[in-house]
Each structure stands twice: as structure tokens, then as C-alpha cells.
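K.L.:
Provided herewith: query_4.txt, compact mmCIF, C-alpha atoms.
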# COMPACT_ATOMS: atom_id res chain seq x y z
CA MET A 157 122.64 65.81 -31.08
CA THR A 158 120.71 66.79 -27.96
CA LYS A 159 122.45 67.67 -24.70
CA ASP A 160 121.10 66.83 -21.26
CA MET A 161 122.23 69.60 -18.88
CA THR A 162 120.63 68.04 -15.79
CA THR A 163 123.60 65.80 -14.97
CA GLY A 164 127.35 66.31 -14.87
CA SER A 165 129.69 69.18 -14.01
CA PRO A 166 127.91 72.56 -14.50
CA MET A 167 131.15 74.28 -15.54
CA LYS A 168 131.91 71.65 -18.20
CA LEU A 169 128.32 71.69 -19.46
CA ILE A 170 128.23 75.49 -19.63
CA LEU A 171 131.53 75.63 -21.49
CA SER A 172 130.66 72.85 -23.94
CA PHE A 173 127.27 74.41 -24.68
CA SER A 174 128.34 78.05 -24.79
CA VAL A 175 131.48 77.71 -26.94
CA PRO A 176 129.54 76.76 -30.12
CA LEU A 177 127.05 79.53 -29.31
CA LEU A 178 129.93 81.94 -28.89
CA MET A 179 131.34 81.03 -32.28
CA GLY A 180 127.97 81.65 -33.87
CA TYR A 181 127.45 84.96 -32.14
CA LEU A 182 131.00 86.01 -33.03
CA PHE A 183 130.34 85.33 -36.69
CA GLN A 184 127.05 87.20 -36.43
CA GLN A 185 128.82 90.18 -34.89
CA PHE A 186 131.63 89.75 -37.40
CA TYR A 187 129.38 90.19 -40.38
CA ASN A 188 127.63 93.09 -38.62
CA LEU A 189 131.09 94.58 -38.11
CA VAL A 190 132.13 93.95 -41.71
CA ASP A 191 128.80 95.34 -42.88
CA THR A 192 129.54 98.59 -41.04
CA VAL A 193 133.16 98.68 -42.25
CA ILE A 194 132.07 98.26 -45.88
CA VAL A 195 129.44 100.99 -45.53
CA GLY A 196 131.90 103.40 -43.89
CA ARG A 197 134.76 102.70 -46.29
CA PHE A 198 132.84 102.59 -49.58
CA LEU A 199 129.88 104.91 -48.94
CA GLY A 200 131.36 107.46 -46.49
CA THR A 201 130.68 108.73 -42.98
CA ASP A 202 127.19 110.03 -43.79
CA ALA A 203 126.13 106.56 -44.89
CA LEU A 204 127.78 105.12 -41.78
CA ALA A 205 125.84 107.59 -39.65
CA ALA A 206 122.61 106.78 -41.52
CA VAL A 207 122.92 103.09 -40.68
CA GLY A 208 124.02 103.88 -37.13
CA ALA A 209 121.04 106.15 -36.52
CA THR A 210 118.73 103.15 -36.98
CA GLY A 211 120.48 101.07 -34.33
CA ALA A 212 118.11 101.84 -31.46
CA ILE A 213 114.88 101.37 -33.40
CA ASN A 214 116.36 98.23 -34.97
CA PHE A 215 117.08 96.91 -31.47
CA LEU A 216 113.57 97.84 -30.33
CA VAL A 217 111.80 95.88 -33.06
CA ILE A 218 114.20 93.03 -33.88
CA GLY A 219 114.93 92.69 -30.16
CA PHE A 220 111.21 92.14 -29.56
CA CYS A 221 111.20 89.39 -32.20
CA MET A 222 114.28 87.75 -30.68
CA GLY A 223 112.73 88.00 -27.22
CA ILE A 224 109.48 86.29 -28.09
CA CYS A 225 111.38 83.51 -29.89
CA SER A 226 113.62 83.00 -26.85
CA GLY A 227 110.55 82.92 -24.64
CA PHE A 228 108.82 80.37 -26.86
CA SER A 229 111.83 78.04 -26.48
CA ILE A 230 111.60 77.93 -22.67
CA PRO A 231 108.51 75.64 -22.51
CA VAL A 232 110.28 73.46 -25.08
CA SER A 233 113.28 73.08 -22.75
CA HIS A 234 110.95 72.36 -19.81
CA LYS A 235 109.22 69.54 -21.72
CA PHE A 236 112.55 68.18 -22.92
CA GLY A 237 113.99 68.22 -19.39
CA ALA A 238 110.90 66.40 -18.12
CA GLY A 239 111.16 63.79 -20.91
CA ASP A 240 107.70 64.65 -22.33
CA TYR A 241 108.53 64.53 -26.04
CA SER A 242 104.97 64.45 -27.33
CA GLY A 243 104.13 67.49 -25.24
CA MET A 244 107.29 69.12 -26.50
CA ARG A 245 106.24 68.65 -30.13
CA ARG A 246 102.82 70.16 -29.39
CA VAL A 247 104.57 73.17 -27.93
CA VAL A 248 106.74 73.47 -31.05
CA ALA A 249 103.68 73.26 -33.31
CA ASN A 250 102.02 76.10 -31.45
CA CYS A 251 105.27 78.07 -31.68
CA VAL A 252 104.90 77.86 -35.45
CA TRP A 253 101.34 79.22 -35.46
CA LEU A 254 102.22 82.07 -33.14
CA GLY A 255 105.41 82.84 -35.07
CA ILE A 256 103.44 83.36 -38.28
CA VAL A 257 101.05 85.77 -36.55
CA PHE A 258 103.77 87.77 -34.81
CA ALA A 259 105.85 87.98 -38.00
CA PHE A 260 102.98 89.40 -40.08
CA VAL A 261 101.71 91.86 -37.47
CA THR A 262 105.15 93.17 -36.48
CA MET A 263 106.27 93.57 -40.09
CA THR A 264 103.09 95.46 -41.03
CA VAL A 265 103.09 97.88 -38.09
CA THR A 266 106.79 98.75 -38.26
CA THR A 267 106.87 99.39 -42.00
CA ILE A 268 103.94 101.79 -41.68
CA TYR A 269 105.40 103.88 -38.88
CA CYS A 270 109.18 103.66 -39.30
CA ARG A 271 109.66 107.01 -41.11
CA GLN A 272 107.69 108.86 -38.45
CA ILE A 273 109.76 107.22 -35.72
CA LEU A 274 112.97 108.43 -37.37
CA VAL A 275 111.53 111.96 -37.39
CA TRP A 276 110.60 111.68 -33.70
CA MET A 277 114.17 110.57 -32.98
CA LYS A 278 115.50 113.83 -34.46
CA THR A 279 117.52 112.01 -37.10
CA PRO A 280 119.75 114.62 -38.81
CA GLU A 281 118.33 115.84 -42.12
CA ASN A 282 121.44 114.91 -44.09
CA ILE A 283 121.09 111.21 -43.21
CA ILE A 284 117.37 110.58 -42.60
CA GLU A 285 116.65 109.35 -46.15
CA GLY A 286 119.52 106.87 -45.92
CA SER A 287 118.31 105.73 -42.52
CA TYR A 288 114.80 105.14 -43.85
CA ALA A 289 116.05 103.29 -46.94
CA TYR A 290 118.06 100.95 -44.69
CA ILE A 291 115.59 100.24 -41.90
CA ILE A 292 112.51 99.72 -44.10
CA ILE A 293 114.20 96.72 -45.73
CA ILE A 294 115.24 95.33 -42.34
CA PHE A 295 111.62 95.56 -41.17
CA LEU A 296 110.30 93.90 -44.32
CA GLY A 297 112.68 91.04 -43.45
CA ILE A 298 111.17 90.47 -40.00
CA PRO A 299 109.69 87.07 -41.01
CA ALA A 300 113.22 85.90 -41.87
CA SER A 301 114.46 87.07 -38.46
CA ILE A 302 111.67 85.24 -36.64
CA LEU A 303 112.25 82.08 -38.70
CA TYR A 304 115.91 81.90 -37.74
CA ASN A 305 115.52 82.88 -34.10
CA MET A 306 112.63 80.49 -33.51
CA THR A 307 114.24 77.46 -35.15
CA ALA A 308 117.59 78.20 -33.48
CA GLY A 309 115.84 78.62 -30.11
CA ILE A 310 114.10 75.26 -30.47
CA LEU A 311 117.37 73.52 -31.31
CA ARG A 312 119.11 75.11 -28.32
CA ALA A 313 116.21 74.14 -26.04
CA VAL A 314 116.90 70.47 -26.74
CA GLY A 315 120.63 70.95 -26.21
CA ASP A 316 121.89 71.42 -29.78
CA SER A 317 123.89 74.64 -29.77
CA ARG A 318 126.08 73.64 -32.73
CA THR A 319 123.66 73.41 -35.65
CA PRO A 320 122.38 77.02 -35.45
CA VAL A 321 126.01 78.11 -35.37
CA LEU A 322 126.92 76.21 -38.53
CA PHE A 323 124.13 77.84 -40.50
CA LEU A 324 124.91 81.23 -38.99
CA VAL A 325 128.56 80.93 -40.00
CA LEU A 326 127.51 80.03 -43.54
CA SER A 327 125.10 82.96 -43.69
CA SER A 328 127.83 85.28 -42.35
CA PHE A 329 130.03 84.58 -45.34
CA ILE A 330 127.07 84.94 -47.67
CA ASN A 331 126.23 88.28 -46.05
CA ILE A 332 129.75 89.62 -46.53
CA GLY A 333 129.77 88.53 -50.18
CA LEU A 334 126.38 90.10 -50.82
CA ASP A 335 127.47 93.28 -49.02
CA LEU A 336 130.46 93.68 -51.28
CA PHE A 337 128.39 92.93 -54.37
CA PHE A 338 125.41 95.18 -53.62
CA ILE A 339 127.48 98.11 -52.33
CA THR A 340 130.36 98.07 -54.80
CA GLN A 341 128.68 96.73 -57.94
CA THR A 342 125.18 98.22 -57.74
CA PRO A 343 123.74 101.68 -57.03
CA LEU A 344 121.71 100.39 -54.05
CA GLY A 345 123.91 102.07 -51.40
CA VAL A 346 122.74 101.39 -47.83
CA LYS A 347 119.77 99.47 -49.24
CA GLY A 348 122.25 96.86 -50.42
CA ALA A 349 123.62 96.41 -46.90
CA ALA A 350 120.12 95.87 -45.52
CA LEU A 351 119.17 93.47 -48.33
CA ALA A 352 122.32 91.41 -47.72
CA THR A 353 121.44 91.10 -44.02
CA VAL A 354 117.87 89.96 -44.67
CA LEU A 355 118.80 87.42 -47.36
CA SER A 356 121.59 85.86 -45.30
CA GLN A 357 119.35 85.53 -42.25
CA LEU A 358 116.61 83.94 -44.37
CA LEU A 359 119.07 81.32 -45.59
CA SER A 360 120.22 80.48 -42.07
CA GLY A 361 116.60 80.16 -40.93
CA ILE A 362 115.72 77.84 -43.81
CA GLY A 363 118.81 75.77 -43.01
CA CYS A 364 117.81 75.32 -39.36
CA LEU A 365 114.23 74.47 -40.37
CA LEU A 366 115.32 71.79 -42.83
CA PHE A 367 117.69 70.33 -40.25
CA ILE A 368 114.86 70.05 -37.72
CA VAL A 369 112.55 68.42 -40.26
CA PHE A 370 114.99 65.85 -41.61
CA ARG A 371 117.42 65.15 -38.76
CA PHE A 372 115.56 65.44 -35.42
CA ASP A 373 113.17 62.53 -34.92
CA ILE A 374 111.97 63.78 -31.53
CA LEU A 375 110.95 67.06 -33.21
CA LYS A 376 109.02 65.48 -36.10
CA ILE A 377 105.52 66.71 -35.38
CA ARG A 378 102.70 64.18 -35.87
CA LYS A 379 99.49 65.17 -37.62
CA ASP A 380 97.42 65.29 -34.42
CA GLU A 381 100.10 67.39 -32.69
CA TRP A 382 99.67 70.28 -35.16
CA ALA A 383 96.30 71.29 -33.69
CA PRO A 384 96.33 74.83 -32.25
CA ASN A 385 95.93 74.72 -28.47
CA ARG A 386 94.70 77.80 -26.61
CA HIS A 387 96.29 76.73 -23.33
CA LEU A 388 99.70 76.14 -24.91
CA MET A 389 99.47 79.39 -26.85
CA GLY A 390 98.68 81.18 -23.61
CA THR A 391 101.70 79.59 -21.96
CA LEU A 392 103.94 80.49 -24.89
CA CYS A 393 102.72 84.08 -24.96
CA GLY A 394 103.15 84.22 -21.20
CA MET A 395 106.82 83.38 -21.71
CA GLY A 396 107.52 85.04 -25.05
CA VAL A 397 105.71 88.37 -24.83
CA PRO A 398 107.34 89.44 -21.53
CA MET A 399 110.77 88.59 -22.93
CA GLY A 400 109.99 90.47 -26.13
CA LEU A 401 108.73 93.43 -24.13
CA GLN A 402 111.87 93.31 -22.01
CA TYR A 403 113.94 93.90 -25.15
CA SER A 404 111.57 96.60 -26.37
CA ILE A 405 111.33 98.41 -23.04
CA THR A 406 115.11 98.36 -22.81
CA ALA A 407 115.23 99.67 -26.37
CA ILE A 408 112.93 102.59 -25.53
CA GLY A 409 115.75 103.90 -23.36
CA SER A 410 118.15 103.26 -26.25
CA VAL A 411 115.87 105.22 -28.59
CA ILE A 412 115.89 108.17 -26.17
CA LEU A 413 119.66 107.91 -25.84
CA GLN A 414 120.05 107.68 -29.64
CA SER A 415 117.81 110.73 -30.06
CA ALA A 416 120.07 112.69 -27.70
CA THR A 417 123.13 111.46 -29.62
CA ASN A 418 121.54 112.62 -32.88
CA THR A 419 121.46 116.19 -31.55
CA LEU A 420 125.28 116.11 -31.29
CA GLY A 421 125.61 115.80 -35.07
CA SER A 422 126.44 113.15 -37.66
CA ALA A 423 130.05 112.78 -36.43
CA ALA A 424 128.83 111.68 -33.00
CA VAL A 425 126.28 109.35 -34.62
CA ALA A 426 128.98 107.80 -36.81
CA SER A 427 131.24 107.38 -33.77
CA VAL A 428 128.53 105.52 -31.83
CA ALA A 429 127.68 103.40 -34.89
CA ALA A 430 131.27 102.18 -35.23
CA ALA A 431 131.94 101.87 -31.50
CA GLY A 432 128.65 100.05 -31.03
CA ARG A 433 129.66 97.40 -33.57
CA ILE A 434 133.02 96.86 -31.87
CA ASN A 435 131.38 96.84 -28.45
CA GLY A 436 128.83 94.30 -29.65
CA PHE A 437 131.63 92.08 -30.87
CA LEU A 438 133.48 92.33 -27.53
CA ALA A 439 130.27 91.65 -25.57
CA THR A 440 129.40 88.53 -27.58
CA PRO A 441 130.59 86.04 -24.89
CA PHE A 442 127.94 87.45 -22.55
CA ASP A 443 125.24 86.71 -25.13
CA ALA A 444 126.47 83.11 -25.31
CA MET A 445 126.49 82.84 -21.52
CA GLY A 446 122.95 84.19 -21.33
CA SER A 447 121.54 81.77 -23.89
CA THR A 448 123.36 78.91 -22.20
CA MET A 449 121.92 79.76 -18.78
CA ALA A 450 118.39 79.96 -20.22
CA THR A 451 118.68 76.38 -21.47
CA TYR A 452 120.51 75.23 -18.34
CA GLY A 453 117.87 76.75 -16.08
CA GLY A 454 114.96 75.47 -18.15
CA GLN A 455 116.15 71.87 -18.31
CA ASN A 456 117.06 71.67 -14.61
CA VAL A 457 113.79 73.21 -13.48
CA GLY A 458 111.95 70.81 -15.77
CA ALA A 459 113.85 67.92 -14.17
CA GLY A 460 113.23 69.28 -10.66
CA LYS A 461 116.96 69.64 -9.91
CA LEU A 462 116.92 73.04 -8.25
CA GLU A 463 120.18 72.51 -6.40
CA ARG A 464 122.04 72.70 -9.72
CA LEU A 465 120.84 76.25 -10.42
CA GLY A 466 123.22 77.89 -7.95
CA GLN A 467 126.11 75.69 -9.07
CA GLY A 468 125.63 76.74 -12.67
CA LEU A 469 125.24 80.40 -11.73
CA ARG A 470 128.52 80.48 -9.82
CA SER A 471 130.39 78.78 -12.65
CA CYS A 472 129.07 81.19 -15.28
CA VAL A 473 129.73 84.30 -13.16
CA LEU A 474 133.38 83.26 -12.79
CA LEU A 475 133.65 82.97 -16.56
CA GLY A 476 132.05 86.39 -16.99
CA ALA A 477 134.41 88.06 -14.53
CA GLY A 478 137.50 86.65 -16.20
CA TYR A 479 136.43 87.71 -19.67
CA SER A 480 135.49 91.24 -18.50
CA VAL A 481 139.13 91.90 -17.60
CA ILE A 482 140.30 90.69 -21.02
CA ALA A 483 137.81 92.92 -22.86
CA LEU A 484 138.92 96.03 -20.96
CA LEU A 485 142.56 95.36 -21.85
CA VAL A 486 141.62 94.99 -25.53
CA ALA A 487 139.79 98.32 -25.48
CA ILE A 488 142.68 100.14 -23.82
CA LEU A 489 145.44 98.65 -25.96
CA PHE A 490 143.74 98.32 -29.34
CA GLY A 491 140.76 100.71 -29.31
CA GLU A 492 142.35 103.21 -31.66
CA ASN A 493 143.49 100.50 -34.08
CA LEU A 494 139.95 99.11 -34.20
CA ALA A 495 138.58 102.59 -34.95
CA HIS A 496 140.79 102.80 -38.06
CA LEU A 497 138.79 99.93 -39.57
CA PHE A 498 135.82 102.23 -40.06
CA VAL A 499 137.20 105.67 -40.90
CA GLU A 500 140.28 107.31 -42.35
CA ALA A 501 143.15 108.42 -40.09
CA THR A 502 142.19 112.03 -40.82
CA ASP A 503 138.88 111.60 -38.92
CA VAL A 504 140.62 112.36 -35.64
CA GLU A 505 137.48 113.30 -33.69
CA ILE A 506 135.63 110.11 -34.61
CA ILE A 507 138.63 107.91 -33.80
CA ALA A 508 139.01 109.54 -30.36
CA ASN A 509 135.28 109.16 -29.68
CA ILE A 510 135.31 105.46 -30.60
CA ARG A 511 138.22 104.70 -28.25
CA LEU A 512 136.61 106.66 -25.40
CA PHE A 513 133.29 104.85 -25.88
CA LEU A 514 134.96 101.42 -25.83
CA ILE A 515 136.97 102.08 -22.66
CA CYS A 516 133.96 103.47 -20.76
CA SER A 517 131.83 100.51 -21.82
CA THR A 518 134.29 97.66 -21.17
CA ALA A 519 135.24 99.13 -17.78
CA LEU A 520 131.74 98.08 -16.66
CA PHE A 521 131.49 94.82 -18.57
CA PHE A 522 131.15 92.73 -15.41
CA PRO A 523 127.76 94.31 -14.59
CA LEU A 524 126.76 93.49 -18.18
CA ALA A 525 127.85 89.89 -17.62
CA LEU A 526 125.61 89.67 -14.55
CA VAL A 527 122.68 91.17 -16.46
CA ASN A 528 122.86 88.51 -19.17
CA ILE A 529 123.64 85.55 -16.92
CA ILE A 530 121.06 86.22 -14.21
CA ARG A 531 118.29 87.56 -16.43
CA PHE A 532 118.38 84.60 -18.80
CA LEU A 533 118.68 82.13 -15.94
CA ILE A 534 115.55 83.62 -14.34
CA GLN A 535 113.76 83.40 -17.68
CA GLY A 536 114.78 79.77 -18.07
CA MET A 537 113.47 79.09 -14.57
CA GLY A 538 110.05 80.22 -15.82
CA PHE A 539 109.71 83.80 -14.52
CA PRO A 540 109.77 86.00 -17.64
CA VAL A 541 107.95 88.93 -16.01
CA PHE A 542 111.12 89.74 -14.11
CA ALA A 543 112.78 90.34 -17.48
CA ILE A 544 110.33 93.20 -18.09
CA LEU A 545 111.11 94.75 -14.71
CA ALA A 546 114.85 94.51 -15.38
CA GLY A 547 114.23 96.17 -18.72
CA VAL A 548 112.37 98.99 -16.99
CA PHE A 549 115.45 99.73 -14.88
CA GLU A 550 117.64 99.77 -17.98
CA MET A 551 115.19 102.05 -19.74
CA ILE A 552 115.19 104.50 -16.81
CA ALA A 553 118.99 104.69 -16.80
CA ARG A 554 119.28 105.24 -20.56
CA ALA A 555 116.42 107.73 -20.59
CA THR A 556 118.10 109.68 -17.80
CA ALA A 557 121.29 109.74 -19.85
CA GLY A 558 119.36 110.95 -22.89
CA PHE A 559 117.42 113.68 -21.11
CA VAL A 560 120.02 114.81 -18.56
CA THR A 561 123.55 113.43 -18.94
CA VAL A 562 124.05 113.94 -22.69
CA PRO A 563 122.79 117.56 -22.70
CA LEU A 564 125.14 118.30 -19.76
CA PHE A 565 128.24 116.33 -20.71
CA GLY A 566 127.91 115.74 -24.45
CA PHE A 567 129.60 112.63 -25.83
CA TYR A 568 130.81 111.60 -22.36
CA GLY A 569 127.16 111.23 -21.39
CA VAL A 570 126.58 108.94 -24.37
CA CYS A 571 129.51 106.73 -23.33
CA PHE A 572 128.09 106.05 -19.88
CA GLY A 573 124.45 105.66 -20.95
CA SER A 574 124.44 101.87 -21.35
CA PRO A 575 126.91 101.05 -18.52
CA SER A 576 124.69 102.90 -16.06
CA ALA A 577 121.74 100.83 -17.31
CA TRP A 578 123.59 97.57 -16.62
CA VAL A 579 124.44 98.60 -13.07
CA LEU A 580 120.88 99.65 -12.28
CA ALA A 581 119.45 96.42 -13.73
CA ASP A 582 121.77 94.37 -11.51
CA PHE A 583 120.40 96.07 -8.40
CA PHE A 584 117.08 94.47 -9.33
CA LEU A 585 118.17 91.15 -10.86
CA ILE A 586 120.43 89.86 -8.06
CA PRO A 587 117.73 89.88 -5.34
CA ALA A 588 115.17 88.76 -7.96
CA TYR A 589 117.12 85.54 -8.53
CA PHE A 590 117.08 84.63 -4.86
CA HIS A 591 113.37 85.41 -4.72
CA VAL A 592 112.38 83.14 -7.62
CA ARG A 593 114.66 80.41 -6.28
CA LYS A 594 112.74 80.51 -2.96
CA VAL A 595 109.43 80.40 -4.85
CA LEU A 596 110.49 77.22 -6.69
CA GLU A 597 111.80 75.61 -3.51
CA LYS A 598 108.51 76.36 -1.76
CA ARG A 599 106.58 74.70 -4.59
CA VAL A 600 108.77 71.63 -4.26
CA SER A 601 108.29 71.47 -0.47
CA GLU A 602 104.53 71.76 -0.94
CA LYS A 603 104.68 69.09 -3.68
CA LYS A 604 103.25 71.42 -6.30
CA GLU A 605 104.18 71.55 -9.97
CA ILE A 606 107.17 73.86 -10.33
CA ILE A 607 106.56 74.73 -14.00
Give the structure from the file, written as C-alpha cells.

P.N.:
Amino acid sequence: MTKDMTTGSPMKLILSFSVPLLMGYLFQQFYNLVDTVIVGRFLGTDALAAVGATGAINFLVIGFCMGICSGFSIPVSHKFGAGDYSGMRRVVANCVWLGIVFAFVTMTVTTIYCRQILVWMKTPENIIEGSYAYIIIIFLGIPASILYNMTAGILRAVGDSRTPVLFLVLSSFINIGLDLFFITQTPLGVKGAALATVLSQLLSGIGCLLFIVFRFDILKIRKDEWAPNRHLMGTLCGMGVPMGLQYSITAIGSVILQSATNTLGSAAVASVAAAGRINGFLATPFDAMGSTMATYGGQNVGAGKLERLGQGLRSCVLLGAGYSVIALLVAILFGENLAHLFVEATDVEIIANIRLFLICSTALFFPLALVNIIRFLIQGMGFPVFAILAGVFEMIARATAGFVTVPLFGFYGVCFGSPSAWVLADFFLIPAYFHVRKVLEKRVSEKKEII
């Protein structure tokens, strides 16, 4: 069930590893999409806007949790690539201890301050209560998010990209069923949508955990391997915290951009909420490529096969370029049809806004492909600090859009907020890759440890 990515054709390995990931991410985006459709259709545009207004803060907090879990999996892939299975299990054990701490602290802090953050973001008065009711439940479910992302990250680190997908697909169907039940059969409203998301993610996390415990012999942790280790925890935090901060720093720009969008009214907020779901669905292949390159980079660095890094990068960039063209065509030809999923045909302004947003975004999808591919490859190579710096560039671009572009150009400024962030991040990431590659090659030439 493991996959060794240190030998064989990089293109074939990337495709075989990323396709199952893609299916999982597609289902994840699908149930996010259906979740939004159900809210918009059954609860109305105000409810749709209320959920949409939480998108940036949701990304800030849940993105941090996803980032630290992704970072924790990198030392696991290094140990697996080096064939040190006992060391790998010790790393996994320390992941568990740290995961418990991060889950409790993050959940506590966010639930205390989330209402005040919504006020700071200038959430419109007619939707702020709905926004709070939705996001507080999501934050209370942070332990479920960390459980799934950590167990899925560990499985991917040892080359199993299929199992997390299977449980994610199952949870997607459960989420849709719970959405329909809570929203149509109970008075919970947007709370029901949040509760369905948390419960479905908890089930997928439990599924991955049980699979690790009962099916992966090399991951069965011995009694002596459970001991907390300060050095390993330091290494894990050194990988995980920068990646988590990268998501959060990027999200700060998104919060500023969302705050500017909120000043345009609930129609603009609803437009971005719907367009963002569609855009997330269309961008899913880039998420799969990024996760694949993190594992590919980690295993090959662990095995000392640096020459394969460039080969894998070229193969994945070609895939990203080809898909970017397809996504743009979908937005141009079917953007309006996709908008009709969320709102009635009479909501002409929202439909036009959704189509405009999608075209502007997909027109610059190739820079987004480079952001995901190169950033995750660098992280897998063991240089997570560069993820923070890339996130700073994205934050600057989105903040500029929020403070300058949106006030000047209105909804057009919103549409180009994220694309400008991708372009600016690439100006940093492309030379950063060549720099870290030279650093690793120098370590090899000097016969030093490269990880």
C-alpha cells in the first residue's frame, strides 16, 4: 500500500499518486459546493452570504491546522525514503502528542475571539449572526479537522494516496445527506450546514486512524516509541509551524480582501461565496499536484536522489499548464450555467458577478499552478520557512487589493485580488527553488546530512 517515489518515471509516479488525491479533493470540493448550493437554495441569499463571509477567517484558522499537519508529514516522508522505519514511527508518535496540543489550543482561542473578528471584518449587520452561528461550530470541530489532516498526511507520506480518498469520498456523501437533513428537516439553519461538515470530517479522520492501526504494520508504534522526544518535537514544529503560518499569513490578506468585499454589500458577498466554491472546485487539480510534489520531494531528498527533483518539477508543471487552459475554457463557456446552481435566474447581478469572478481567476490559473507545485516541492525538500515568505507576498497582494483596488474599482478589484497574489508569490518561489536546490547539492558535495 506504500509507494516508493524514488525510482521510476517521475511523470508516471506523479500521475499515479495525484489522481487518487485529485478524486478525494474533488469530492471534498463537491460536498463544499453542494453545501453552498443547499444553503443558497433552501435558506436564501442572506444565509449564503453569511456562510460566505466566514470564508477568509475559516481559511485562516483551518488553513493553519492543515499546514501544521502537512508539515508534520514531511519528516515522516524523509524517514520513509531513508528506510528508517523505527525512526519514522517515533516521528508519528510525536505527531500525535503535538496534534492533541495544537487542537486544544487552537479550538479554545478561536472560539473565544471569533465574534470579535467578524466585527473587525465589517460583516454586514443583516448576516453577522448567521456568520457567527456557522463559524463557531466549525471552530469547535477543529480537533476533527486535525485528526483527518494528520492521519491523511501520514498515509500520503508513506505513499498511500488512495486510502484518505476513500474515507473522504464516504464522508462527502455523509455530509450531503446530513446537510439535507439538518437544513430541510430541522430549524438549525446555517448551524446545520456547519454541523454536517464537522461530523463528516470526524468520520473520515476516524476511518484513516483505524486503517493505520489495523492495516499498516510499519506504522504500528511500539511501546518504547511512544515516548515524547523534545528533539523530534522541535523538528516537527520547525516543519509544521512555518507551513501553518504560511496558510495563516496568506489568509490575513484574504481577511482584508473579504473585509473590503463586505463593504460592497451582501450581494457582493454572496457572489464571492458562490464563485469561490466553483473556483475551489476548478482549482482542485493544483491541490493534488502540490500534495504530490511534497511527498515526491520528501522521499527523494530522504533517499539523496536530488537529480530527480528537477525531473519531477518539469513533469508537474506541464500537467499544470495543460489543465489551466481547460479550466479557463470551462469558465468562459459554462460560468453562467454554474452560477444558476446557487441562485435564481432573477438574481441577474449575482450571476454576472460569479461569471466575471471565474473568468478573471482562471485566466491566471497557471501562476496558481506554479505556486502550489513549487511551494509544496520546496516544503518537501525540507525548507518550510520559504513557505512563510511566499505567504507574505500573497498577503501583500491581497491586502493591496483590499485597501486600494476594491475601493477604486469595486467588484473588479475583488476579482483580481487572489490572481495578483499568485503572480507575486511566483516572483519569489521560482528563484527560491533554485536556491534551496543549490543548498542541498552543496551539502551533498561536502558530505553533510541533507535533512

K.L.:
Which polymer residues have any atom within 7 Å of an atom of Ala259 in chain A, counting only C-alpha atoms, with same-chain residues fewer than 2 positions away left out, as a list in words?

P.N.:
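Contacts, in chain order: Gly255, Ile256, Val257, Val261, Thr262, Met263, Ile298, Pro299 and Ile302 of chain A.
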
K.L.:
Selected residues, C-alpha atoms, written as a PDB file, in the coordinates of the input, please.

P.N.:
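Dumped everything to result25.pdb:
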ATOM      1  CA  GLY A 255     105.410  82.840 -35.070  1.00  0.00           C
ATOM      2  CA  ILE A 256     103.440  83.360 -38.280  1.00  0.00           C
ATOM      3  CA  VAL A 257     101.050  85.770 -36.550  1.00  0.00           C
ATOM      4  CA  VAL A 261     101.710  91.860 -37.470  1.00  0.00           C
ATOM      5  CA  THR A 262     105.150  93.170 -36.480  1.00  0.00           C
ATOM      6  CA  MET A 263     106.270  93.570 -40.090  1.00  0.00           C
ATOM      7  CA  ILE A 298     111.170  90.470 -40.000  1.00  0.00           C
ATOM      8  CA  PRO A 299     109.690  87.070 -41.010  1.00  0.00           C
ATOM      9  CA  ILE A 302     111.670  85.240 -36.640  1.00  0.00           C
TER      10      ILE A 302
END

K.L.:
CA of Ser233 in chain A and CA of Lys598 in chain A, how far apart in Å?

P.N.:
21.8 Å

K.L.:
When you look at Thr307 in chain A with a cut-off of 12 Å (counting all atoms listed in the file), what residues show up, excluding the ones that are within fewer than 3 positions of it in the same chain? I need them as a ChimeraX atom specification.

P.N.:
/A:222,225-226,228-229,232,248-249,251-252,255,300-304,310-314,316-317,319-321,323-324,357-358,360-369,375

K.L.:
Find the spatial neighbours of Pro587 in chain A, counting all atoms listed in the file, within a cut-off of 12 Å - ignore same-chain residues fewer than 3 positions away - and output them as a PyMOL selection string.

P.N.:
chain A and resi 530-531+534+542+546+581-584+590-594

K.L.:
So how far away is CA of Leu182 in chain A from CA of Ile330 in chain A, in Å?

P.N.:
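These atoms are spaced 15.2 Å apart.
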
K.L.:
Record the distance separating CA of Cys221 in chain A and CA of His234 in chain A, expressed in Å with one decimal.

P.N.:
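The value is 21.1 Å.
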